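Since the structure comes first, as structure tokens, the remarks are kept for the end.
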Amino acid sequence: MIIHFSILAVILIMSLFYERVIRYNNLHSIRCFGERKYKSPLLPWLFVFGYITFLAGMRSGMNDTSVYINSFEKTTGTWGEILNIIVSEGKDKGFSVVSNLFKMFISTDFHMWFLFLASIESIFFIYILRREAVSFSEACFFFFCSTLYYNYFSMTRQWFAVVVLFVGGKFIKENRTISYILLCIFAAQFHSSAYLFIPIYFCVRGQAWNRKQNILIGLFSIGIIFLEPILSSMENTLGGTTYDYVIATMATNSGASGIRILIACVPIIIAFYYRKDIKDKMINICVNMSVLNFLLNVLAVFTSGLYVVRLATYTNVFNIILYPYLLNVSIKGRNRTIIKCGFYIFYFLFFIYQMNHQESWGYKSDVLGTFSY
């Protein structure tokens, strides 16, 4: 518990020194140019994501960490093994190849391996958020209280793919179709679920709440009615991937908690109410991603919560950009203060609930010691 709240403490301390200047300059840029042309200071982002990176690197037993430790320690780190991986029919070859190269040329210590992956992820986050997040405080607070940060300590391969495709939002914004597809293919070498997000490019471009989005919602609603055929098709498509173990339990899984639907609908309700004030291209992409996030969470309640909620992580990360914009640009006057207060209270309560529900408070490190209840 101490470790987790220490991350929040770092966020609050950095917000105390940097939030006002970052928010002021971003809002000034939007008023003058109609878009964000201000790049916020590196230091506060570096402190927050640097600290999370350090903790991720020093862990030795948390969630599925032991699986990745065993996998890395069994890696021989030879050209022969790399060749076998390339010619094999296995999935997620990129992750295995990079782990072998890392062990050959950098370090055989799994802490350094975790630190390496987390560092790349943090660099990607900092690169995008410095340019796109209107508010440092609210972006980091959502990242923490939505428990997205926890993925630094869990689902290592997929989280790497998620962060790579988060950077892909820049390609969507710039209409770089080929670059985005190539990025998805690259990310899929670390986790094959990234292939499913190639068509997302065509779903999230353009103005939010347009006809395309309404058709998407309609198709999804029809999909819920005919849920069983969709799951059968999904099983055939994803058979042999890293999701095999989840698909095998879909028939008996009771699905994700309904509270996820409530959480996921909040930003899209705000975005819909203030839709006439949203003209920023990146924010429209984020709104469309948030709608898809809501739909995936609805689906998660009716199917395997683990399977679909993990897919929803790809879309949920875009709320890190969306929330600060809605709270500081779209919402005006007295409503802003009220909704901001609700945002902080609502998500902090969700954080407490989620961490207790998942029993995720513990943190184990053979370097730092064990922190738990």
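Residue names in the structure tokens use chain letters A, B, ... in the order shown, residue numbers from 1 in each chain, and ligand numbers from 1 in the order shown.
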Which residues of range 150-221 of chain A come within 12 Å of range 267-277 of chain A, and for each one, what is the closest pair of atoms and their distance in Å to one decimal, counting only C-alpha atoms, sorted by chain and residue number, as a Markdown table?
| residue | atom | partner | partner_atom | distance |
| --- | --- | --- | --- | --- |
| A:Gln207 | CA | A:Arg275 | CA | 9.5 |
| A:Ala208 | CA | A:Arg275 | CA | 7.7 |
| A:Trp209 | CA | A:Phe272 | CA | 7.6 |
| A:Asn210 | CA | A:Arg275 | CA | 10.6 |
Near Glu81 in chain A, within 10 Å and counting only C-alpha atoms, which residues show up once chain neighbours fewer than 5 positions away are dropped, as a PyMOL selection string?
chain A and resi 75-76+86+96-97+100
Any chance you could export the current selection's C-alpha atoms as an mmCIF file, in the first residue's frame?
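Final output, part_33.cif:
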data_model
loop_
_atom_site.group_PDB
_atom_site.id
_atom_site.type_symbol
_atom_site.label_atom_id
_atom_site.label_comp_id
_atom_site.auth_asym_id
_atom_site.auth_seq_id
_atom_site.Cartn_x
_atom_site.Cartn_y
_atom_site.Cartn_z
ATOM 1 C CA THR A 75 16.164 -17.446 -22.054
ATOM 2 C CA THR A 76 19.574 -18.666 -23.229
ATOM 3 C CA ILE A 86 12.054 -16.589 -35.956
ATOM 4 C CA SER A 96 11.261 -13.174 -27.239
ATOM 5 C CA VAL A 97 13.848 -11.913 -29.731
ATOM 6 C CA ASN A 100 17.408 -12.690 -26.041
#
Restricting the calculation to only C-alpha atoms, which member of A:Ile338, A:Leu311, A:Leu349, A:Val163 is positioned closest to Ile120 in chain A?
A:Val163
Separation of CA of Ile123 in chain A from CA of Phe49 in chain A, in Å and rounded to one decimal:
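For CA of Ile123 in chain A relative to CA of Phe49 in chain A, the distance reads 8.4 Å.
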Separation of CA of Arg157 in chain A from CA of Ser192 in chain A in Å
9.5 Å
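Computed from the coordinates, the CA of Phe17 in chain A to CA of Phe47 in chain A distance equals 12.1 Å.
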